[in-house]
Amino acid sequence: MCGHCCSTPLLDQVPASLIPGLDSKVTMETGGLPLELWRMILAYLHLPDLGRCSLVCRAWYELVLSLDSTRWRQLCLGCTECRHPNWPNQPDVEPESWREAFKQHYLASKTWTKNALDLESSVCFSLFRRRRERRTLSVGPGREFDSLGSALAVASLYDRIVLFPGVYEEQGEVILKVPVEIVGHGKLGEVALLASIDQHCSTTRLCNLVFMPAWFSPFMFKTTSGHVQFDNCNFENGHIQVHGPGTCQVKFCTFKNTHVFLHNVPLCVLENCEFVGSENNSVTVEGHPSADKNWAYKYLLGLIKSSPSVLPTEDSDFLMSLDLESRDQAWSPRTCDIVIEGSQSPTSPVSSSPKPGSKASSQEAEVGSDGERLAQTPDSSDGGLSPSGEDEDEEQLTYRLSYQVQGPRPVLGGSFLGPPLPGASIQLPSCLVLNSLQQELQKDKEAMALASSVQGCLIRKCLFRDGKGGVFVCSYGRAKMEGNIFRNLTYAVRCIHNSKIVMLRNDIHRCKASGIFLRLEGGGLIAGNNIYHNAEAGVDIRKKSNPLVLCNQIHHGLRSGIVVLGNGKGIIRNNQIFSNKEAGIYILYHGNPVVSGNHIFKGRAAGIAVNENGKGLITENVIRENQWGGVDIRRGGVPVLRSNLICFGYSDGVVVGDEGKGLIEGNTIYANKGCGVWMMSSSLPHVTSNHVSYNGLYGVAVFSQKEGSRELPGGHGAQENFSEDGDAILWEPELEKDDDPLRQPVTIALVESNSINHNGASGLYIQSSEALHVITNVIHANGDRGITVAQSSQLTRVANNSISCNRQSGVKVEIQCKVELRGNGIYDNRGHGIITKGDSTVVIENDIIGNRGSGLQLLPRSDTKVIKNRIHSFRAYGIAVRGRTKALVQENIFFQGKTNKTIFQQISNNRECIMQNNKFLVFKKKSDTWRLMNPPARPHLENSLRGPSAAHSGQKVTAMATRITARVEGGYHSNRSIFCTIL
């Protein structure tokens with residue numbers, strides 16, 4: 001602390017014995033002593049002497065400053081009116097400057113008199129004003145006064161009352177009529193005051209006291225208009241009440257089972273305090289801040305602005321590391337990489353492909369059930385000319401068709417087009433890397449204004465522990481919390497009834513209920529907090545509350561990370577939500593938040609669950625490595641899921657359960673061990689413009705399981721106690737009019753304009769009793785068939801899709817299915833182009849070219865119409881008929897296949913097969929090349945591709961980095977997703 005605060009700056013006051021050799025040229029070399037010895041000598045000086053020495057010259061001034069870790073530390077810790085500067089949260093951490101900390105303590109002891117007027121000796125002699133010296137009144141055994149009341153009876157303005165060690169019990173209410181300072185002498189705890197104090201004056205300071213309630217009242221202190229300052233006090237088993245326009249400043253105090261009630265306060269400051277064992281709320285902030293302000297308001301506001309803030313800078317974006325033992329060691333903040341764990345990729349084949357030259361590799365194909373060809377060779381080319389020379393002699397082939405295959409469209413800068421490699425690090429695109437809190441505040445002016453605002457109550461660097469509640473803000477109250485620790489409470493913060501909170505850099509853990517709870521239109525800013533190990537949700541938003549939840553770490557919760565329900569809203573942005581036992585974000589009962597730019601990973605359930613008529617706009621999140629579905633939608637959930645990266649999940653990427661709806665658009669669904677998208681019965685989603693690749697099972701699976709759908713996991717939090725006031729059904733009546741243009745009613749499930757490629761099983765698997773439209777998708781290089789229709793009692797319409805290079809057939813239609821195939825391009829698949837057993841299959845205006853099996857294979861008891869198609873197979877028949885079938889083959893164009901096979905097989909012997917007006921083309925020269933023109937090669941996508949991926953619709957993608965080399969065997973034929981099976 002500077003000597004100007006302590007003494008008169010005169011050199012003649014410096015003791016000559018302390019400064020040997022002092023003359024007109026004062027230097028450190030005069031005494032001939034080294035600096036280390038000078039520091040040792042000066043370390044014995046008292047505060048006034050240090051102040052005088054600092055005024056000798058600059059060398060002496062700098063020498064005094066260099067005593068920060070020695071003498072200044074001793075002075076700071078030796079002061080009975082203050083505690084360690086970082087108490088109670090980090091008492092082992094050294095402050096940046098002990099001298100500065102001591103200076104702040106010293107100045108704080110003076111600031112309660114900021115409005116003190118110069119006292120006049122007489123009204124008549126106003127020209128000769130002089131300040132009256134403050135008196136010190138001593139209270140205690142053998143002292144001037146024996147009780148606090150007797151000292152107050154004779155106290156004048158701004159007198160200092162010193163209570164010596166002992167217990168002082170006041171039998172009646174103590175009323176403070178004049179400003180005084182009441183200080184306990186000795187160590188904290190030696191002076192106990194049992195009293196009920198009512199302040200009726202403008203200002204009061206109480207320091208170094210232990211307060212207990214009097215026998216007749218639980219209130220230890222209350223004021224309605226003045227300013228009160230508590231320094232280094234203990235409060236036990238009572239209440240403190242401040243009403244606006246009254247203000248208070250509390251520093252370095254302990255509250256044991258004590259309730260601080262602030263009503264309509266314009267501004268109050270609680271710093272470096274400890275709240276322990278509360279039976280109710282530790283701090284209650286009620287009512288809108290009063291417009292009527294006392295003298296201390298401007299002083300407190302200036303003090304807050306001048307003091308160090310916990311607002312982040314670019315260099316201070318760090319994790320609060322108070323519980324490192326349970327932190328996920330595999331996670332690092334603001335990471336740009338995703339590490340694929342384990343020895344095998346989620347989509348790696350169960351058996352390796354044969355080596356070149358082996359017997360298996362020389363075989364053209366292996367015939368499976370129903371005559372379907374199971375390829376054993378690597379994938380063919382993704383585009384260009386049809387593959388014709390990989391494992392056969394040119395002499396065995398006939399003529400070529402030139403056509404272009406619509407390959408997968410790149411997304412996210414092409415970062416996720418290749419197969420995942422075990423142990424590899426995947427670089428995230430820059431658009432998906434988390435910003436620091438400072439960056440987010442700089443680009444969001446509204447958030448910056450909230451973070452900088454101070455109104456109502458400021459609670460800073462306090463510790464709340466081992467009690468029921470932390471801070472309760474209600475009835476239009478305003479509170480700001482910075483750098484606090486909330487632990488082992490029932491809840492940390494509750495904000496209700498149009499109140500607003502600002503929470504910055506707090507640590508909230510091990511609460512028995514939710515960490516932060518907002519309801520009844522509560523709001524504000526929740527930013528940069530570390531929220532973990534709570535028994536319920538980390539943040540609970542309900543009943544029209546609308547906070548901004550920004551840049552928090554919410555992890556290791558025993559339930560969900562964030563819950564939004566009961567018409568709750570909010571903006572949830574740029575958070576890291578990980579390792580929670582239930583869904584990272586759970587939206588239900590008409591909750592409708594905006595969820596954007598978050599990293600949600602390593603949860604033990606779903607990444608995001610939308611259930612029970614929940615809504616939400618979910619965009620640009622990274623959802624990875626969750627145990628259940630990356631996103632789970634069911635029971636009337638109708639979110640907009642757009643432009644998210646959903647990857648490396650241990651189950652399915654997106655699950656649309658019973659009665660799930662919503663728009664699933666422009667997402668990258670990559671390398672999940674289950675399916676890319678799993679749709680159950682009675683769900684009506686719109687799945688469009690997604691990139692679904694390298695998933696372990698189906699790319700998109702549609703199942704009908706009505707009889708058991710209600711028993712499937714319903715959003716991963718079915719047991720969550722969402723309603724504190726009763727059953728969950730209470731939320732249902734709170735309906736809002738839905739005018740969202742993004743959620744137009746959908747009557748038929750729609751799979752449109754997706755790129756579905758390199759998945760372990762079929763690209764699209766359908767087993768449903770409900771209508772479905774599959775339009776303008778690219779279904780490419782999947783490990784089984786392109787499209788499998790196993791059940792379709794209602795019409796499944798498959799139109800304008802590119803189905804190419806799949807490991808088995810392009811399309812397979814099982815018995816008793818109703819399917820319309822129109823305008824598709826079915827190219828270069830390893831089995832047949834189309835296999836059908838269906839009793840109502842319409843194949844019209846398709847290009848079925850270059851498949852290794854037959855173009856079409858009609859199986860027994862099928863009923864098929866084949867109209868206006870262009871059909872060719874290099875190695876097999878154009879149409880092959882097995883057994884008794886019913887077919888109409890009309891106005892098709894057939895190209896010649898191998899010379900030793902005819903275009904048709906067994907059609908001439910089948911009376912129920914009708915052939916009309918078909919055209920047969922046979923080339924005379926092997927060098928001839930036929931191009932698909934008039935119309936050009938199908939599908940004719942034109943402007944049908946929509947959404948974020950539409951810009952890439954015309955691009956041709958050449959050979960992929962690696963190929964799936966073996967068929968994925970096993971569990972995908974059980975007609976259940978991993979998500980359902982693990983339960």
# chains A, B, ... in the order shown; residues from 1 in each chain; ligands from 1
$ residues_around --residues "stretch 91-107 of chain A" --least-positions-apart "5" --cutoff "7 Å" --atoms "only C-alpha atoms" --output "list of chain:residue names"
A:Met1, A:Asp68, A:Ser69, A:Trp72, A:Arg73, A:Cys76, A:Cys82, A:His84, A:Pro85, A:Asn86
$ residues_around --residues "A:Gly660" --least-positions-apart "4" --cutoff "8 Å" --atoms "only C-alpha atoms" --output "VMD selection string"
chain A and resid 611 633 to 638 656 682 to 685
$ closest_residue --among "A:Ala192, A:Ile572, A:Cys474, A:Ile562" --to "A:Gly584" --atoms "only C-alpha atoms"
A:Ile562
$ residues_around --residues "A:Arg822" --least-positions-apart "3" --cutoff "9 Å" --atoms "only C-alpha atoms" --output "PyMOL selection string"
chain A and resi 797-801+842-846
$ write_last_selection --atoms "C-alpha atoms" --output "PDB file, in the first residue's frame"
ATOM      1  CA  ARG A 797     -42.800 -44.754 -53.761  1.00  0.00           C
ATOM      2  CA  VAL A 798     -39.142 -44.811 -54.872  1.00  0.00           C
ATOM      3  CA  ALA A 799     -38.559 -42.053 -57.422  1.00  0.00           C
ATOM      4  CA  ASN A 800     -35.595 -40.309 -59.060  1.00  0.00           C
ATOM      5  CA  ASN A 801     -32.920 -41.972 -56.946  1.00  0.00           C
ATOM      6  CA  VAL A 842     -44.399 -51.025 -60.721  1.00  0.00           C
ATOM      7  CA  VAL A 843     -41.050 -50.416 -62.433  1.00  0.00           C
ATOM      8  CA  ILE A 844     -41.420 -47.477 -64.775  1.00  0.00           C
ATOM      9  CA  GLU A 845     -38.972 -45.186 -66.592  1.00  0.00           C
ATOM     10  CA  ASN A 846     -35.836 -46.392 -64.824  1.00  0.00           C
TER      11      ASN A 846
END
$ select_by_dssp --residues "stretch 25-73 of chain A" --states "alpha helix (DSSP H)" --output "VMD selection string"
chain A and resid 35 to 42 47 to 53 58 to 65 73
$ closest_residue --among "A:Gly244, A:Pro179, A:Gly186, A:Pro218" --to "A:Phe164" --atoms "only C-alpha atoms"
A:Gly186
$ atom_distance --atom1 "atom CA of A:Thr796" --atom2 "atom CA of A:Phe895"
28.4 Å
$ residues_around --residues "A:Tyr299" --least-positions-apart "6" --cutoff "12 Å" --atoms "only C-alpha atoms" --output "mmCIF file with all heavy atoms, in the first residue's frame"
data_model
loop_
_atom_site.group_PDB
_atom_site.id
_atom_site.type_symbol
_atom_site.label_atom_id
_atom_site.label_comp_id
_atom_site.auth_asym_id
_atom_site.auth_seq_id
_atom_site.Cartn_x
_atom_site.Cartn_y
_atom_site.Cartn_z
ATOM 1 N N ALA A 108 -11.338 -0.374 2.069
ATOM 2 C CA ALA A 108 -12.708 -0.816 2.349
ATOM 3 C C ALA A 108 -13.138 -0.427 3.751
ATOM 4 O O ALA A 108 -14.330 -0.158 4.005
ATOM 5 C CB ALA A 108 -12.801 -2.329 2.174
ATOM 6 N N THR A 111 -14.513 3.186 3.371
ATOM 7 C CA THR A 111 -15.486 3.605 2.358
ATOM 8 C C THR A 111 -16.892 3.750 2.900
ATOM 9 O O THR A 111 -17.719 4.416 2.272
ATOM 10 C CB THR A 111 -15.500 2.589 1.204
ATOM 11 O OG1 THR A 111 -15.692 1.279 1.754
ATOM 12 C CG2 THR A 111 -14.196 2.613 0.448
ATOM 13 N N TRP A 112 -17.216 3.151 4.022
ATOM 14 C CA TRP A 112 -18.590 3.281 4.537
ATOM 15 C C TRP A 112 -18.907 4.711 4.942
ATOM 16 O O TRP A 112 -20.072 5.075 5.122
ATOM 17 C CB TRP A 112 -18.780 2.339 5.719
ATOM 18 C CG TRP A 112 -18.001 2.741 6.955
ATOM 19 C CD1 TRP A 112 -16.689 2.564 7.174
ATOM 20 C CD2 TRP A 112 -18.532 3.391 8.110
ATOM 21 N NE1 TRP A 112 -16.330 3.057 8.394
ATOM 22 C CE2 TRP A 112 -17.452 3.565 9.001
ATOM 23 C CE3 TRP A 112 -19.803 3.843 8.481
ATOM 24 C CZ2 TRP A 112 -17.603 4.184 10.243
ATOM 25 C CZ3 TRP A 112 -19.957 4.439 9.724
ATOM 26 C CH2 TRP A 112 -18.864 4.612 10.594
ATOM 27 N N THR A 113 -17.877 5.567 5.084
ATOM 28 C CA THR A 113 -18.092 6.973 5.451
ATOM 29 C C THR A 113 -17.994 7.902 4.251
ATOM 30 O O THR A 113 -17.771 9.104 4.416
ATOM 31 C CB THR A 113 -17.046 7.397 6.495
ATOM 32 O OG1 THR A 113 -15.735 7.294 5.921
ATOM 33 C CG2 THR A 113 -17.118 6.535 7.730
ATOM 34 N N LYS A 114 -18.137 7.380 3.054
ATOM 35 C CA LYS A 114 -17.926 8.206 1.860
ATOM 36 C C LYS A 114 -18.831 9.438 1.819
ATOM 37 O O LYS A 114 -18.486 10.436 1.217
ATOM 38 C CB LYS A 114 -18.167 7.368 0.596
ATOM 39 C CG LYS A 114 -17.023 6.417 0.269
ATOM 40 C CD LYS A 114 -15.791 7.180 -0.166
ATOM 41 C CE LYS A 114 -14.656 6.256 -0.562
ATOM 42 N NZ LYS A 114 -13.461 6.991 -0.974
ATOM 43 N N ASN A 115 -19.975 9.357 2.448
ATOM 44 C CA ASN A 115 -20.883 10.502 2.395
ATOM 45 C C ASN A 115 -20.788 11.370 3.631
ATOM 46 O O ASN A 115 -21.620 12.242 3.861
ATOM 47 C CB ASN A 115 -22.322 10.036 2.216
ATOM 48 C CG ASN A 115 -22.874 9.453 3.516
ATOM 49 O OD1 ASN A 115 -22.131 8.789 4.254
ATOM 50 N ND2 ASN A 115 -24.147 9.672 3.782
ATOM 51 N N HIS A 227 -27.136 2.236 4.126
ATOM 52 C CA HIS A 227 -26.087 1.357 3.597
ATOM 53 C C HIS A 227 -25.376 0.701 4.773
ATOM 54 O O HIS A 227 -24.977 1.372 5.729
ATOM 55 C CB HIS A 227 -25.088 2.163 2.770
ATOM 56 C CG HIS A 227 -23.878 1.368 2.349
ATOM 57 N ND1 HIS A 227 -23.951 0.360 1.424
ATOM 58 C CD2 HIS A 227 -22.570 1.445 2.736
ATOM 59 C CE1 HIS A 227 -22.746 -0.157 1.237
ATOM 60 N NE2 HIS A 227 -21.892 0.479 2.035
ATOM 61 N N THR A 247 -28.867 -0.499 0.751
ATOM 62 C CA THR A 247 -27.805 -1.243 0.056
ATOM 63 C C THR A 247 -26.914 -1.897 1.101
ATOM 64 O O THR A 247 -26.927 -1.523 2.280
ATOM 65 C CB THR A 247 -26.956 -0.313 -0.826
ATOM 66 O OG1 THR A 247 -26.416 0.732 -0.016
ATOM 67 C CG2 THR A 247 -27.779 0.288 -1.957
ATOM 68 N N CYS A 248 -26.120 -2.857 0.653
ATOM 69 C CA CYS A 248 -25.185 -3.495 1.566
ATOM 70 C C CYS A 248 -23.955 -3.951 0.803
ATOM 71 O O CYS A 248 -24.008 -4.224 -0.404
ATOM 72 C CB CYS A 248 -25.825 -4.658 2.313
ATOM 73 S SG CYS A 248 -26.155 -6.117 1.313
ATOM 74 N N GLN A 249 -22.863 -4.043 1.523
ATOM 75 C CA GLN A 249 -21.617 -4.600 1.011
ATOM 76 C C GLN A 249 -21.102 -5.579 2.056
ATOM 77 O O GLN A 249 -20.869 -5.210 3.208
ATOM 78 C CB GLN A 249 -20.584 -3.505 0.744
ATOM 79 C CG GLN A 249 -19.274 -4.055 0.170
ATOM 80 C CD GLN A 249 -18.233 -2.976 -0.033
ATOM 81 O OE1 GLN A 249 -18.435 -1.830 0.363
ATOM 82 N NE2 GLN A 249 -17.123 -3.328 -0.639
ATOM 83 N N LEU A 267 -28.819 -2.172 -5.468
ATOM 84 C CA LEU A 267 -27.500 -2.765 -5.667
ATOM 85 C C LEU A 267 -26.941 -3.222 -4.326
ATOM 86 O O LEU A 267 -26.900 -2.446 -3.367
ATOM 87 C CB LEU A 267 -26.532 -1.760 -6.309
ATOM 88 C CG LEU A 267 -25.187 -2.326 -6.789
ATOM 89 C CD1 LEU A 267 -25.397 -3.439 -7.790
ATOM 90 C CD2 LEU A 267 -24.348 -1.209 -7.404
ATOM 91 N N CYS A 268 -26.535 -4.482 -4.275
ATOM 92 C CA CYS A 268 -25.861 -5.037 -3.103
ATOM 93 C C CYS A 268 -24.721 -5.915 -3.588
ATOM 94 O O CYS A 268 -24.817 -6.541 -4.652
ATOM 95 C CB CYS A 268 -26.817 -5.846 -2.244
ATOM 96 S SG CYS A 268 -27.954 -4.838 -1.270
ATOM 97 N N VAL A 269 -23.654 -5.970 -2.797
ATOM 98 C CA VAL A 269 -22.463 -6.719 -3.188
ATOM 99 C C VAL A 269 -22.117 -7.706 -2.080
ATOM 100 O O VAL A 269 -21.938 -7.309 -0.922
ATOM 101 C CB VAL A 269 -21.271 -5.780 -3.450
ATOM 102 C CG1 VAL A 269 -20.047 -6.589 -3.864
ATOM 103 C CG2 VAL A 269 -21.620 -4.761 -4.518
ATOM 104 N N LYS A 293 -32.714 5.409 -5.049
ATOM 105 C CA LYS A 293 -31.378 4.935 -4.691
ATOM 106 C C LYS A 293 -30.791 5.828 -3.598
ATOM 107 O O LYS A 293 -30.952 7.035 -3.614
ATOM 108 C CB LYS A 293 -30.459 4.930 -5.913
ATOM 109 C CG LYS A 293 -30.965 4.045 -7.058
ATOM 110 C CD LYS A 293 -30.080 4.152 -8.265
ATOM 111 C CE LYS A 293 -30.529 3.214 -9.367
ATOM 112 N NZ LYS A 293 -31.864 3.524 -9.872
ATOM 113 N N LYS A 305 -17.056 -1.583 -10.950
ATOM 114 C CA LYS A 305 -16.411 -1.361 -12.245
ATOM 115 C C LYS A 305 -14.894 -1.287 -12.126
ATOM 116 O O LYS A 305 -14.168 -1.655 -13.061
ATOM 117 C CB LYS A 305 -16.956 -0.090 -12.892
ATOM 118 C CG LYS A 305 -18.418 -0.199 -13.293
ATOM 119 C CD LYS A 305 -18.920 1.082 -13.937
ATOM 120 C CE LYS A 305 -20.365 0.945 -14.372
ATOM 121 N NZ LYS A 305 -20.904 2.200 -14.989
ATOM 122 N N SER A 306 -14.396 -0.816 -10.991
ATOM 123 C CA SER A 306 -12.949 -0.682 -10.825
ATOM 124 C C SER A 306 -12.281 -1.948 -10.333
ATOM 125 O O SER A 306 -11.065 -2.105 -10.462
ATOM 126 C CB SER A 306 -12.650 0.446 -9.827
ATOM 127 O OG SER A 306 -13.179 0.133 -8.545
#
